[in-house]
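A.B. asks: I am attaching a structure below and will ask some questions about it afterwards.
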Amino acid sequence: MYGYNRHFTFKCHKKYEEERLDEHELARLKAAKEQYLRIHPQIEEPSIRKKRKLKAGEKILGPDELRVQERHWMEMWKDSKNELKQLREDLKNEMDDDVRAELMADIEGLKKRKGDWAKLLGLTEASSEATQTAVL
């Protein structure tokens with residue numbers, strides 16, 4: 001949008017606006033604007049404005065690499081979810097207090113790990129909390 005505004009508004013001069021801006025010229029400008037927007041569609045992502053600097057050893061992933069990475073994250077999230085479910089079942093059936101305490105510690109660690117995978121996937125915390133309470 002900045003490119004359009006710079007071209008069509010900043011570079012317009014008062015003399016042009018006063019002398020040549022009639023109905024025919026307005027129609028021509030409107031057609032030019034529509035053609036420009038067809039050729040250069042507007043992207044509405046705010047993250048495009050400022051790119052972050054890469055740290056040492058970091059690289060930008062391509063689309064295929066990113067897809068593989070996200071698939072791995074999803075598998076890890078599902079594995080931690082299933083493991084949590086199994087630990088909760090074990091906790092229900094366990095009678096020994098020491099073992100129950102260990103299981104509770106394991107469950108807390110897995111909740112944290114599952115939350116980390118959810119953050120990497122971009123899942124909201126509200127949905128992950130709803131999933132955790134639904135499993136209980």
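Quick note on naming: the chains in the structure tokens go A, B, ... in the order shown, residues restart at 1 in each chain, and ligands are numbered from 1 in order of appearance.
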If we count only C-alpha atoms, what is near segment 59-76 of chain A at a cut-off of 9 Å, once residues fewer than 6 positions away on the same chain are taken out, given as a list in words?
C.D. replies: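 Once the adjacent positions are removed, what remains is Lys114, Trp117, Ala118, Leu120 and Leu121 of chain A.
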A.B. asks: Determine, counting only C-alpha atoms, which protein, DNA and RNA residues have an atom within 9 Å of an atom of Lys81 of chain A; residues of the same chain fewer than 2 positions away are not included. Present the result as a list of chain:residue names.
C.D. replies: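 Here the answer would be A:Met76, A:Trp77, A:Lys78, A:Asp79, A:Glu83, A:Leu84, A:Lys85, A:Gln86, A:Leu110, A:Lys111, A:Lys114, A:Gln132.
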A.B. asks: Using Å and a single decimal, report how far atom CA of Arg20 of chain A sits from atom CA of Gln42 of chain A.
C.D. replies: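 Spanning atom CA of Gln42 of chain A to atom CA of Arg20 of chain A is a straight-line distance of 28.9 Å.
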A.B. asks: With only C-alpha atoms as the basis for distance, which of A:Lys92, A:Met104, A:Gly3, A:Asp97 is at the shortest distance from Pro41 of chain A?
C.D. replies: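 Looking at the shortest contact to Pro41 of chain A, the residue is A:Gly3.
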A.B. asks: In Å, how far is it from atom CA of Gly109 of chain A to atom CA of Met95 of chain A?
C.D. replies: 21.1 Å
A.B. asks: Tell me, in Å to one decimal, how far atom CA of Lys53 of chain A is from atom CA of Leu123 of chain A.
C.D. replies: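 Rounded to one decimal, the two atoms are 24.3 Å apart.
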